[in-house]
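Structure file my_file.cif (mmCIF, N, CA and C atoms) is printed below.
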data_model
loop_
_atom_site.label_atom_id
_atom_site.label_comp_id
_atom_site.auth_asym_id
_atom_site.auth_seq_id
_atom_site.Cartn_x
_atom_site.Cartn_y
_atom_site.Cartn_z
N MET A 1300 13.64 6.28 -4.90
CA MET A 1300 12.41 6.00 -5.59
C MET A 1300 12.43 4.60 -6.20
N ALA A 1301 13.58 4.14 -6.65
CA ALA A 1301 13.66 2.82 -7.26
C ALA A 1301 13.23 1.74 -6.27
N ASP A 1302 13.59 1.88 -4.99
CA ASP A 1302 13.18 0.91 -3.99
C ASP A 1302 11.67 0.89 -3.82
N LEU A 1303 11.04 2.07 -3.85
CA LEU A 1303 9.59 2.14 -3.72
C LEU A 1303 8.90 1.56 -4.95
N ASP A 1304 9.48 1.80 -6.12
CA ASP A 1304 8.94 1.19 -7.35
C ASP A 1304 9.03 -0.34 -7.27
N LYS A 1305 10.15 -0.84 -6.73
CA LYS A 1305 10.30 -2.29 -6.58
C LYS A 1305 9.28 -2.83 -5.59
N LEU A 1306 9.01 -2.07 -4.53
CA LEU A 1306 8.04 -2.51 -3.53
C LEU A 1306 6.63 -2.54 -4.13
N THR A 1307 6.24 -1.52 -4.87
CA THR A 1307 4.90 -1.54 -5.48
C THR A 1307 4.79 -2.70 -6.48
N ALA A 1308 5.86 -2.98 -7.21
CA ALA A 1308 5.85 -4.12 -8.14
C ALA A 1308 5.72 -5.43 -7.36
N ALA A 1309 6.40 -5.53 -6.23
CA ALA A 1309 6.31 -6.75 -5.41
C ALA A 1309 4.90 -6.93 -4.86
N LEU A 1310 4.26 -5.83 -4.47
CA LEU A 1310 2.90 -5.90 -3.96
C LEU A 1310 1.94 -6.35 -5.05
N GLU A 1311 2.13 -5.82 -6.25
CA GLU A 1311 1.24 -6.19 -7.38
C GLU A 1311 1.41 -7.64 -7.80
N SER A 1312 2.62 -8.17 -7.67
CA SER A 1312 2.87 -9.53 -8.17
C SER A 1312 2.81 -10.59 -7.08
N ALA A 1313 2.63 -10.20 -5.83
CA ALA A 1313 2.60 -11.17 -4.74
C ALA A 1313 1.39 -12.09 -4.84
N ALA A 1314 1.58 -13.35 -4.47
CA ALA A 1314 0.48 -14.31 -4.47
C ALA A 1314 -0.42 -14.12 -3.26
N GLU A 1315 0.13 -13.52 -2.20
CA GLU A 1315 -0.61 -13.24 -0.98
C GLU A 1315 0.22 -12.30 -0.11
N GLY A 1316 -0.42 -11.71 0.89
CA GLY A 1316 0.31 -10.87 1.84
C GLY A 1316 1.22 -11.73 2.70
N SER A 1317 2.22 -11.09 3.31
CA SER A 1317 3.17 -11.84 4.13
C SER A 1317 3.81 -10.92 5.16
N GLU A 1318 4.43 -11.53 6.15
CA GLU A 1318 5.14 -10.77 7.17
C GLU A 1318 6.28 -9.96 6.53
N GLU A 1319 6.99 -10.57 5.57
CA GLU A 1319 8.08 -9.86 4.89
C GLU A 1319 7.56 -8.61 4.17
N LEU A 1320 6.45 -8.74 3.45
CA LEU A 1320 5.89 -7.58 2.76
C LEU A 1320 5.38 -6.54 3.76
N ASP A 1321 4.79 -7.00 4.88
CA ASP A 1321 4.35 -6.07 5.92
C ASP A 1321 5.53 -5.23 6.42
N GLU A 1322 6.67 -5.88 6.64
CA GLU A 1322 7.86 -5.16 7.10
C GLU A 1322 8.37 -4.18 6.06
N ARG A 1323 8.38 -4.58 4.79
CA ARG A 1323 8.83 -3.67 3.73
C ARG A 1323 7.90 -2.46 3.62
N VAL A 1324 6.59 -2.70 3.71
CA VAL A 1324 5.63 -1.60 3.66
C VAL A 1324 5.79 -0.72 4.90
N GLY A 1325 5.92 -1.34 6.06
CA GLY A 1325 6.11 -0.58 7.29
C GLY A 1325 7.32 0.33 7.22
N ARG A 1326 8.42 -0.18 6.73
CA ARG A 1326 9.64 0.64 6.60
C ARG A 1326 9.42 1.79 5.61
N ALA A 1327 8.70 1.53 4.54
CA ALA A 1327 8.41 2.58 3.55
C ALA A 1327 7.55 3.69 4.16
N PHE A 1328 6.76 3.35 5.16
CA PHE A 1328 5.91 4.33 5.82
C PHE A 1328 6.49 4.81 7.15
N GLY A 1329 7.80 4.67 7.31
CA GLY A 1329 8.49 5.30 8.44
C GLY A 1329 8.75 4.46 9.67
N TRP A 1330 8.33 3.20 9.69
CA TRP A 1330 8.63 2.36 10.83
C TRP A 1330 10.08 1.90 10.77
N TRP A 1331 10.72 1.78 11.92
CA TRP A 1331 12.06 1.18 12.01
C TRP A 1331 12.10 0.28 13.24
N TYR A 1332 12.97 -0.72 13.18
CA TYR A 1332 13.04 -1.70 14.26
C TYR A 1332 14.15 -1.35 15.23
N ASP A 1333 13.80 -1.25 16.50
CA ASP A 1333 14.75 -0.97 17.58
C ASP A 1333 15.17 -2.31 18.17
N PHE A 1334 16.36 -2.78 17.78
CA PHE A 1334 16.82 -4.09 18.23
C PHE A 1334 17.11 -4.12 19.72
N ASP A 1335 17.51 -2.99 20.30
CA ASP A 1335 17.80 -2.95 21.74
C ASP A 1335 16.55 -3.21 22.57
N ASN A 1336 15.43 -2.63 22.18
CA ASN A 1336 14.20 -2.76 22.94
C ASN A 1336 13.20 -3.75 22.33
N VAL A 1337 13.59 -4.36 21.21
CA VAL A 1337 12.78 -5.35 20.52
C VAL A 1337 11.36 -4.81 20.27
N GLU A 1338 11.30 -3.69 19.50
CA GLU A 1338 10.02 -3.08 19.19
C GLU A 1338 10.14 -2.24 17.92
N TRP A 1339 9.00 -1.96 17.30
CA TRP A 1339 8.93 -1.11 16.12
C TRP A 1339 8.59 0.31 16.57
N VAL A 1340 9.22 1.29 15.95
CA VAL A 1340 9.06 2.69 16.35
C VAL A 1340 8.78 3.54 15.12
N ARG A 1341 7.84 4.51 15.29
CA ARG A 1341 7.56 5.50 14.24
C ARG A 1341 6.97 6.73 14.89
N GLU A 1342 7.61 7.88 14.69
CA GLU A 1342 7.08 9.17 15.15
C GLU A 1342 6.43 9.10 16.52
N GLY A 1343 7.14 8.57 17.48
CA GLY A 1343 6.62 8.50 18.84
C GLY A 1343 5.74 7.30 19.13
N GLU A 1344 5.35 6.56 18.10
CA GLU A 1344 4.57 5.33 18.30
C GLU A 1344 5.52 4.17 18.53
N ILE A 1345 5.13 3.28 19.42
CA ILE A 1345 5.93 2.09 19.69
C ILE A 1345 4.98 0.90 19.70
N VAL A 1346 5.32 -0.13 18.93
CA VAL A 1346 4.51 -1.35 18.91
C VAL A 1346 5.44 -2.55 18.91
N GLU A 1347 4.94 -3.64 19.45
CA GLU A 1347 5.72 -4.87 19.46
C GLU A 1347 5.70 -5.53 18.09
N PHE A 1348 4.53 -5.46 17.44
CA PHE A 1348 4.37 -6.05 16.11
C PHE A 1348 3.79 -5.02 15.17
N LEU A 1349 4.27 -5.03 13.93
CA LEU A 1349 3.71 -4.14 12.91
C LEU A 1349 2.29 -4.58 12.57
N PRO A 1350 1.47 -3.63 12.13
CA PRO A 1350 0.17 -4.03 11.60
C PRO A 1350 0.37 -4.96 10.39
N VAL A 1351 -0.60 -5.78 10.14
CA VAL A 1351 -0.51 -6.73 9.02
C VAL A 1351 -1.06 -6.05 7.76
N TYR A 1352 -0.34 -5.05 7.31
CA TYR A 1352 -0.78 -4.20 6.21
C TYR A 1352 -1.21 -4.98 4.97
N THR A 1353 -0.42 -5.98 4.59
CA THR A 1353 -0.69 -6.69 3.33
C THR A 1353 -1.68 -7.82 3.50
N ARG A 1354 -2.19 -8.02 4.72
CA ARG A 1354 -3.12 -9.12 4.98
C ARG A 1354 -4.43 -8.65 5.59
N SER A 1355 -4.58 -7.34 5.76
CA SER A 1355 -5.78 -6.80 6.39
C SER A 1355 -6.22 -5.52 5.67
N ILE A 1356 -7.46 -5.48 5.24
CA ILE A 1356 -7.98 -4.27 4.59
C ILE A 1356 -7.94 -3.10 5.57
N ASP A 1357 -8.35 -3.34 6.81
CA ASP A 1357 -8.35 -2.26 7.81
C ASP A 1357 -6.96 -1.68 8.02
N ALA A 1358 -5.95 -2.55 8.14
CA ALA A 1358 -4.58 -2.07 8.34
C ALA A 1358 -4.09 -1.33 7.09
N ALA A 1359 -4.40 -1.86 5.91
CA ALA A 1359 -3.98 -1.21 4.67
C ALA A 1359 -4.59 0.18 4.53
N LEU A 1360 -5.84 0.33 4.93
CA LEU A 1360 -6.51 1.64 4.82
C LEU A 1360 -5.84 2.71 5.68
N THR A 1361 -5.15 2.31 6.75
CA THR A 1361 -4.45 3.31 7.58
C THR A 1361 -3.28 3.94 6.85
N LEU A 1362 -2.87 3.36 5.73
CA LEU A 1362 -1.74 3.88 4.95
C LEU A 1362 -2.16 4.97 3.96
N VAL A 1363 -3.45 5.06 3.67
CA VAL A 1363 -3.92 6.05 2.69
C VAL A 1363 -3.63 7.45 3.24
N PRO A 1364 -2.86 8.26 2.49
CA PRO A 1364 -2.48 9.59 2.98
C PRO A 1364 -3.70 10.49 3.22
N GLU A 1365 -3.56 11.38 4.15
CA GLU A 1365 -4.63 12.34 4.46
C GLU A 1365 -4.97 13.14 3.20
N GLY A 1366 -6.25 13.31 2.96
CA GLY A 1366 -6.71 14.05 1.79
C GLY A 1366 -7.00 13.16 0.59
N TRP A 1367 -6.58 11.91 0.66
CA TRP A 1367 -6.84 10.95 -0.41
C TRP A 1367 -8.06 10.12 -0.04
N ILE A 1368 -8.84 9.73 -1.04
CA ILE A 1368 -10.08 8.99 -0.84
C ILE A 1368 -10.00 7.67 -1.59
N LEU A 1369 -10.44 6.60 -0.93
CA LEU A 1369 -10.56 5.32 -1.63
C LEU A 1369 -11.80 5.42 -2.51
N HIS A 1370 -11.58 5.63 -3.78
CA HIS A 1370 -12.65 5.86 -4.75
C HIS A 1370 -13.29 4.56 -5.19
N ARG A 1371 -12.48 3.52 -5.33
CA ARG A 1371 -12.99 2.23 -5.79
C ARG A 1371 -12.14 1.12 -5.23
N LEU A 1372 -12.80 0.09 -4.75
CA LEU A 1372 -12.16 -1.15 -4.36
C LEU A 1372 -13.05 -2.27 -4.88
N GLY A 1373 -12.58 -2.98 -5.85
CA GLY A 1373 -13.40 -4.03 -6.44
C GLY A 1373 -12.56 -4.91 -7.34
N GLN A 1374 -13.22 -5.83 -7.99
CA GLN A 1374 -12.52 -6.74 -8.87
C GLN A 1374 -12.75 -6.35 -10.33
N GLU A 1375 -11.66 -6.38 -11.08
CA GLU A 1375 -11.70 -6.07 -12.51
C GLU A 1375 -10.68 -6.95 -13.21
N ARG A 1376 -10.83 -7.02 -14.51
CA ARG A 1376 -9.78 -7.64 -15.32
C ARG A 1376 -8.81 -6.53 -15.67
N LYS A 1377 -7.53 -6.78 -15.46
CA LYS A 1377 -6.53 -5.72 -15.62
C LYS A 1377 -6.43 -5.22 -17.06
N TRP A 1378 -6.12 -6.08 -17.99
CA TRP A 1378 -5.96 -5.63 -19.38
C TRP A 1378 -6.80 -6.46 -20.33
N ASN A 1379 -6.64 -7.74 -20.21
CA ASN A 1379 -7.22 -8.67 -21.17
C ASN A 1379 -8.51 -9.26 -20.60
N PRO A 1380 -9.62 -9.17 -21.32
CA PRO A 1380 -10.88 -9.73 -20.79
C PRO A 1380 -10.84 -11.24 -20.58
N MET A 1381 -9.82 -11.89 -21.09
CA MET A 1381 -9.72 -13.35 -20.92
C MET A 1381 -8.93 -13.73 -19.66
N THR A 1382 -8.38 -12.76 -18.95
CA THR A 1382 -7.60 -13.06 -17.75
C THR A 1382 -8.50 -13.13 -16.53
N ASP A 1383 -7.95 -13.63 -15.44
CA ASP A 1383 -8.67 -13.69 -14.18
C ASP A 1383 -8.88 -12.29 -13.63
N PHE A 1384 -9.87 -12.19 -12.76
CA PHE A 1384 -10.12 -10.92 -12.09
C PHE A 1384 -9.05 -10.66 -11.04
N LEU A 1385 -8.67 -9.40 -10.89
CA LEU A 1385 -7.77 -8.95 -9.84
C LEU A 1385 -8.50 -7.88 -9.04
N TRP A 1386 -8.02 -7.62 -7.82
CA TRP A 1386 -8.55 -6.52 -7.04
C TRP A 1386 -7.90 -5.23 -7.50
N VAL A 1387 -8.68 -4.18 -7.60
CA VAL A 1387 -8.16 -2.86 -7.94
C VAL A 1387 -8.50 -1.91 -6.79
N ALA A 1388 -7.50 -1.13 -6.41
CA ALA A 1388 -7.72 -0.06 -5.44
C ALA A 1388 -7.42 1.24 -6.17
N ARG A 1389 -8.42 2.11 -6.23
CA ARG A 1389 -8.28 3.39 -6.92
C ARG A 1389 -8.46 4.50 -5.89
N LEU A 1390 -7.43 5.31 -5.73
CA LEU A 1390 -7.45 6.43 -4.80
C LEU A 1390 -7.43 7.73 -5.59
N HIS A 1391 -8.08 8.76 -5.05
CA HIS A 1391 -7.94 10.08 -5.66
C HIS A 1391 -7.86 11.12 -4.58
N LYS A 1392 -7.28 12.25 -4.94
CA LYS A 1392 -7.13 13.37 -4.02
C LYS A 1392 -8.03 14.50 -4.48
N GLY A 1393 -8.75 15.08 -3.54
CA GLY A 1393 -9.62 16.20 -3.89
C GLY A 1393 -11.05 15.74 -4.09
N GLU A 1394 -11.87 16.69 -4.48
CA GLU A 1394 -13.30 16.44 -4.60
C GLU A 1394 -13.67 15.56 -5.80
N VAL A 1395 -13.01 15.79 -6.92
CA VAL A 1395 -13.39 15.10 -8.16
C VAL A 1395 -12.18 14.37 -8.72
N PRO A 1396 -12.32 13.06 -9.00
CA PRO A 1396 -11.19 12.34 -9.60
C PRO A 1396 -10.89 12.83 -11.01
N SER A 1397 -9.62 12.92 -11.33
CA SER A 1397 -9.19 13.25 -12.69
C SER A 1397 -7.88 12.51 -12.95
N SER A 1398 -7.42 12.53 -14.17
CA SER A 1398 -6.19 11.81 -14.50
C SER A 1398 -4.98 12.36 -13.75
N ARG A 1399 -5.08 13.59 -13.25
CA ARG A 1399 -3.95 14.20 -12.54
C ARG A 1399 -3.92 13.87 -11.05
N ASN A 1400 -5.02 13.40 -10.51
CA ASN A 1400 -5.05 13.18 -9.06
C ASN A 1400 -5.54 11.79 -8.67
N ILE A 1401 -5.30 10.81 -9.54
CA ILE A 1401 -5.78 9.46 -9.27
C ILE A 1401 -4.64 8.46 -9.40
N VAL A 1402 -4.63 7.48 -8.52
CA VAL A 1402 -3.68 6.36 -8.62
C VAL A 1402 -4.48 5.08 -8.46
N GLN A 1403 -4.03 4.04 -9.13
CA GLN A 1403 -4.69 2.75 -8.98
C GLN A 1403 -3.68 1.63 -9.13
N TYR A 1404 -3.94 0.57 -8.41
CA TYR A 1404 -3.09 -0.62 -8.50
C TYR A 1404 -3.95 -1.87 -8.45
N PHE A 1405 -3.48 -2.89 -9.14
CA PHE A 1405 -4.13 -4.19 -9.17
C PHE A 1405 -3.29 -5.18 -8.37
N ALA A 1406 -3.95 -6.10 -7.67
CA ALA A 1406 -3.27 -7.17 -6.95
C ALA A 1406 -4.26 -8.30 -6.70
N VAL A 1407 -3.76 -9.41 -6.18
CA VAL A 1407 -4.63 -10.57 -5.99
C VAL A 1407 -5.52 -10.45 -4.75
N THR A 1408 -5.18 -9.56 -3.82
CA THR A 1408 -6.03 -9.35 -2.65
C THR A 1408 -6.32 -7.86 -2.51
N PRO A 1409 -7.43 -7.51 -1.86
CA PRO A 1409 -7.73 -6.08 -1.68
C PRO A 1409 -6.68 -5.37 -0.85
N ALA A 1410 -6.15 -6.02 0.18
CA ALA A 1410 -5.15 -5.37 1.04
C ALA A 1410 -3.88 -5.05 0.25
N LEU A 1411 -3.43 -5.97 -0.58
CA LEU A 1411 -2.23 -5.71 -1.39
C LEU A 1411 -2.47 -4.55 -2.36
N ALA A 1412 -3.64 -4.50 -2.97
CA ALA A 1412 -3.95 -3.41 -3.91
C ALA A 1412 -3.99 -2.07 -3.19
N ILE A 1413 -4.59 -2.03 -2.01
CA ILE A 1413 -4.65 -0.77 -1.24
C ILE A 1413 -3.25 -0.34 -0.83
N CYS A 1414 -2.42 -1.28 -0.38
CA CYS A 1414 -1.04 -0.93 0.01
C CYS A 1414 -0.28 -0.31 -1.15
N ALA A 1415 -0.37 -0.93 -2.32
CA ALA A 1415 0.35 -0.42 -3.49
C ALA A 1415 -0.16 0.96 -3.89
N ALA A 1416 -1.48 1.15 -3.89
CA ALA A 1416 -2.04 2.45 -4.25
C ALA A 1416 -1.67 3.52 -3.22
N ALA A 1417 -1.71 3.16 -1.93
CA ALA A 1417 -1.34 4.12 -0.88
C ALA A 1417 0.12 4.51 -0.99
N LEU A 1418 0.96 3.56 -1.32
CA LEU A 1418 2.38 3.85 -1.49
C LEU A 1418 2.59 4.80 -2.67
N ARG A 1419 1.90 4.56 -3.78
CA ARG A 1419 2.01 5.44 -4.95
C ARG A 1419 1.46 6.84 -4.63
N ALA A 1420 0.37 6.91 -3.88
CA ALA A 1420 -0.17 8.22 -3.47
C ALA A 1420 0.84 8.97 -2.61
N ARG A 1421 1.49 8.25 -1.72
CA ARG A 1421 2.51 8.88 -0.87
C ARG A 1421 3.68 9.40 -1.72
N MET A 1422 4.08 8.61 -2.71
CA MET A 1422 5.16 9.03 -3.61
C MET A 1422 4.74 10.27 -4.39
N THR A 1423 3.48 10.31 -4.82
CA THR A 1423 2.96 11.47 -5.56
C THR A 1423 2.98 12.70 -4.67
N GLU A 1424 2.61 12.54 -3.40
CA GLU A 1424 2.63 13.67 -2.45
C GLU A 1424 4.03 14.24 -2.32
N LYS A 1425 5.03 13.37 -2.34
CA LYS A 1425 6.41 13.80 -2.18
C LYS A 1425 7.06 14.20 -3.51
N GLY A 1426 6.28 14.15 -4.59
CA GLY A 1426 6.81 14.52 -5.90
C GLY A 1426 7.68 13.45 -6.53
N GLU A 1427 7.55 12.22 -6.06
CA GLU A 1427 8.36 11.12 -6.57
C GLU A 1427 7.61 10.22 -7.55
N GLY A 1428 6.29 10.41 -7.63
CA GLY A 1428 5.48 9.47 -8.41
C GLY A 1428 5.06 9.91 -9.71
#
What does this structure look like when you write it as structure tokens?
Amino acid sequence: MADLDKLTAALESAAEGSEELDERVGRAFGWWYDFDNVEWVREGEIVEFLPVYTRSIDAALTLVPEGWILHRLGQERKWNPMTDFLWVARLHKGEVPSSRNIVQYFAVTPALAICAAALRARMTEKGEG
């Protein structure tokens, strides 16, 4: 769990998405690199290149666990009204959002915020969050 916490912190503090972050997110979601065949593998899927999770909203949305809904994606000030706006991705599970079934993360891009929230939702599903 500590590694996943470090990854969500890295996503929140990143200045932009990157190939390195895409690989870290991909590994967290079950991808592994097959050096013999020079390809990425996950549950029977094989790709030459990982999706650009941290640089594409569409790719990031594929990480949202089944049953979870992207409730809000927009810009907000995180804590202090004098700070710059950040993107917030708020996910919830079930019909009605409540404090028990909602996760949210702030980041400088929408894709980074979605990745962090999807990772936290996945951790919650596994009882780690």
Query raised in the report: So which one's closest to A:Glu1311, A:Leu1385, A:Leu1360, A:Leu1390, A:Ala1415? Using all atoms listed in the file, please.
Result: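 Counting all atoms listed in the file, the residue closest to A:Glu1311 is A:Ala1415.
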Query raised in the report: Could you spell out the hits of the PyMOL selection byres ((chain A and resi 1362) around 8) on the shown file, as a list in words?
Result: Phe1328, Tyr1352, Asp1357, Ala1358, Ala1359, Leu1360, Thr1361, Val1363, Pro1364, Glu1365, Ile1413, Cys1414, Ala1416, Ala1417, Leu1418 and Arg1421 of chain A
Report task. Tell me, as a list in words, which residues lie within 8 Å of stretch 1339-1351 of chain A, counting only N, CA and C atoms; anything in the same chain fewer than 5 positions away does not count. Result -> Gly1316, Ser1317, Glu1318, Leu1320, Asp1321, Glu1322, Gly1325, Phe1328, Gly1329, Trp1330, Trp1331, Tyr1332, Asp1333, Phe1334, Ile1356, Asp1357, Ala1358, Ala1359 and Ala1410 of chain A
Query - Selection result for the PyMOL selection byres ((chain A and resi 1374) around 7) on this file, as number ranges by chain - result: A: 1372-1373, 1375-1376, 1384-1387
Could you write out as a PDB file with N, CA and C atoms, keeping the file's coordinate frame the residues that the PyMOL selection byres (((chain A and resi 1370 and name CA) around 12) and name CA) matches in the shown file?
ATOM      1  N   VAL A1363      -3.450   5.060   3.670  1.00  0.00           N
ATOM      2  CA  VAL A1363      -3.920   6.050   2.690  1.00  0.00           C
ATOM      3  C   VAL A1363      -3.630   7.450   3.240  1.00  0.00           C
ATOM      4  N   TRP A1367      -6.580  11.910   0.660  1.00  0.00           N
ATOM      5  CA  TRP A1367      -6.840  10.950  -0.410  1.00  0.00           C
ATOM      6  C   TRP A1367      -8.060  10.120  -0.040  1.00  0.00           C
ATOM      7  N   ILE A1368      -8.840   9.730  -1.040  1.00  0.00           N
ATOM      8  CA  ILE A1368     -10.080   8.990  -0.840  1.00  0.00           C
ATOM      9  C   ILE A1368     -10.000   7.670  -1.590  1.00  0.00           C
ATOM     10  N   LEU A1369     -10.440   6.600  -0.930  1.00  0.00           N
ATOM     11  CA  LEU A1369     -10.560   5.320  -1.630  1.00  0.00           C
ATOM     12  C   LEU A1369     -11.800   5.420  -2.510  1.00  0.00           C
ATOM     13  N   ARG A1371     -12.480   3.520  -5.330  1.00  0.00           N
ATOM     14  CA  ARG A1371     -12.990   2.230  -5.790  1.00  0.00           C
ATOM     15  C   ARG A1371     -12.140   1.120  -5.230  1.00  0.00           C
ATOM     16  N   LEU A1372     -12.800   0.090  -4.750  1.00  0.00           N
ATOM     17  CA  LEU A1372     -12.160  -1.150  -4.360  1.00  0.00           C
ATOM     18  C   LEU A1372     -13.050  -2.270  -4.880  1.00  0.00           C
ATOM     19  N   GLY A1373     -12.580  -2.980  -5.850  1.00  0.00           N
ATOM     20  CA  GLY A1373     -13.400  -4.030  -6.440  1.00  0.00           C
ATOM     21  C   GLY A1373     -12.560  -4.910  -7.340  1.00  0.00           C
ATOM     22  N   VAL A1387      -8.680  -4.180  -7.600  1.00  0.00           N
ATOM     23  CA  VAL A1387      -8.160  -2.860  -7.940  1.00  0.00           C
ATOM     24  C   VAL A1387      -8.500  -1.910  -6.790  1.00  0.00           C
ATOM     25  N   ALA A1388      -7.500  -1.130  -6.410  1.00  0.00           N
ATOM     26  CA  ALA A1388      -7.720  -0.060  -5.440  1.00  0.00           C
ATOM     27  C   ALA A1388      -7.420   1.240  -6.170  1.00  0.00           C
ATOM     28  N   ARG A1389      -8.420   2.110  -6.230  1.00  0.00           N
ATOM     29  CA  ARG A1389      -8.280   3.390  -6.920  1.00  0.00           C
ATOM     30  C   ARG A1389      -8.460   4.500  -5.890  1.00  0.00           C
ATOM     31  N   LEU A1390      -7.430   5.310  -5.730  1.00  0.00           N
ATOM     32  CA  LEU A1390      -7.450   6.430  -4.800  1.00  0.00           C
ATOM     33  C   LEU A1390      -7.430   7.730  -5.590  1.00  0.00           C
ATOM     34  N   HIS A1391      -8.080   8.760  -5.050  1.00  0.00           N
ATOM     35  CA  HIS A1391      -7.940  10.080  -5.660  1.00  0.00           C
ATOM     36  C   HIS A1391      -7.860  11.120  -4.580  1.00  0.00           C
ATOM     37  N   LYS A1392      -7.280  12.250  -4.940  1.00  0.00           N
ATOM     38  CA  LYS A1392      -7.130  13.370  -4.020  1.00  0.00           C
ATOM     39  C   LYS A1392      -8.030  14.500  -4.480  1.00  0.00           C
ATOM     40  N   GLY A1393      -8.750  15.080  -3.540  1.00  0.00           N
ATOM     41  CA  GLY A1393      -9.620  16.200  -3.890  1.00  0.00           C
ATOM     42  C   GLY A1393     -11.050  15.740  -4.090  1.00  0.00           C
ATOM     43  N   GLU A1394     -11.870  16.690  -4.480  1.00  0.00           N
ATOM     44  CA  GLU A1394     -13.300  16.440  -4.600  1.00  0.00           C
ATOM     45  C   GLU A1394     -13.670  15.560  -5.800  1.00  0.00           C
ATOM     46  N   VAL A1395     -13.010  15.790  -6.920  1.00  0.00           N
ATOM     47  CA  VAL A1395     -13.390  15.100  -8.160  1.00  0.00           C
ATOM     48  C   VAL A1395     -12.180  14.370  -8.720  1.00  0.00           C
ATOM     49  N   PRO A1396     -12.320  13.060  -9.000  1.00  0.00           N
ATOM     50  CA  PRO A1396     -11.190  12.340  -9.600  1.00  0.00           C
ATOM     51  C   PRO A1396     -10.890  12.830 -11.010  1.00  0.00           C
ATOM     52  N   SER A1397      -9.620  12.920 -11.330  1.00  0.00           N
ATOM     53  CA  SER A1397      -9.190  13.250 -12.690  1.00  0.00           C
ATOM     54  C   SER A1397      -7.880  12.510 -12.950  1.00  0.00           C
ATOM     55  N   ASN A1400      -5.020  13.400 -10.510  1.00  0.00           N
ATOM     56  CA  ASN A1400      -5.050  13.180  -9.060  1.00  0.00           C
ATOM     57  C   ASN A1400      -5.540  11.790  -8.670  1.00  0.00           C
ATOM     58  N   ILE A1401      -5.300  10.810  -9.540  1.00  0.00           N
ATOM     59  CA  ILE A1401      -5.780   9.460  -9.270  1.00  0.00           C
ATOM     60  C   ILE A1401      -4.640   8.460  -9.400  1.00  0.00           C
ATOM     61  N   VAL A1402      -4.630   7.480  -8.520  1.00  0.00           N
ATOM     62  CA  VAL A1402      -3.680   6.360  -8.620  1.00  0.00           C
ATOM     63  C   VAL A1402      -4.480   5.080  -8.460  1.00  0.00           C
ATOM     64  N   GLN A1403      -4.030   4.040  -9.130  1.00  0.00           N
ATOM     65  CA  GLN A1403      -4.690   2.750  -8.980  1.00  0.00           C
ATOM     66  C   GLN A1403      -3.680   1.630  -9.130  1.00  0.00           C
ATOM     67  N   ILE A1413      -4.590  -2.030  -2.010  1.00  0.00           N
ATOM     68  CA  ILE A1413      -4.650  -0.770  -1.240  1.00  0.00           C
ATOM     69  C   ILE A1413      -3.250  -0.340  -0.830  1.00  0.00           C
ATOM     70  N   ALA A1416      -1.480   1.150  -3.890  1.00  0.00           N
ATOM     71  CA  ALA A1416      -2.040   2.450  -4.250  1.00  0.00           C
ATOM     72  C   ALA A1416      -1.670   3.520  -3.220  1.00  0.00           C
TER      73      ALA A1416
END
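Between atom CA of A:Phe1405 and atom CA of A:Ala1301 there is a distance of 19.2 Å.
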Report task. Step one, run DSSP on the backbone; step two, keep only residues of chain A assigned to alpha helix (DSSP H); then write them as JSON, numbers by chain. Result -> {"A": [1301, 1302, 1303, 1304, 1305, 1306, 1307, 1308, 1309, 1310, 1311, 1312, 1318, 1319, 1320, 1321, 1322, 1323, 1324, 1325, 1326, 1327, 1356, 1357, 1358, 1359, 1360, 1409, 1410, 1411, 1412, 1413, 1414, 1415, 1416, 1417, 1418, 1419, 1420, 1421, 1422, 1423, 1424]}
Report task. Using only C-alpha atoms, pick whichever of A:Ala1314, A:Ala1308, A:Val1337, A:Met1422 has the shortest atom-to-atom distance to A:Val1407. Result ->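 Checking each of A:Ala1314, A:Ala1308, A:Val1337, A:Met1422 against A:Val1407, counting only C-alpha atoms, the winner is A:Ala1314.
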Report summary line: atom CA of A:Glu1319 sits from atom C of A:Leu1306 at a separation of 11.7 Å
Report summary line: Separating atom N of A:Arg1323 from atom CA of A:Asp1383, to the nearest tenth of an Å, is a gap of 27.1 Å
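Selecting strand (DSSP E) from the backbone DSSP output for stretch 1336-1402 of chain A yields Glu1338, Trp1339, Val1340, Arg1341, Glu1344, Ile1345, Val1346, Trp1367, Ile1368, Leu1369, His1370, Arg1371, Leu1372, Gly1373, Gln1374, Glu1375, Arg1376, Phe1384, Leu1385, Trp1386, Val1387, Ala1388, Arg1389, Leu1390, His1391, Lys1392, Ile1401 and Val1402 of chain A.
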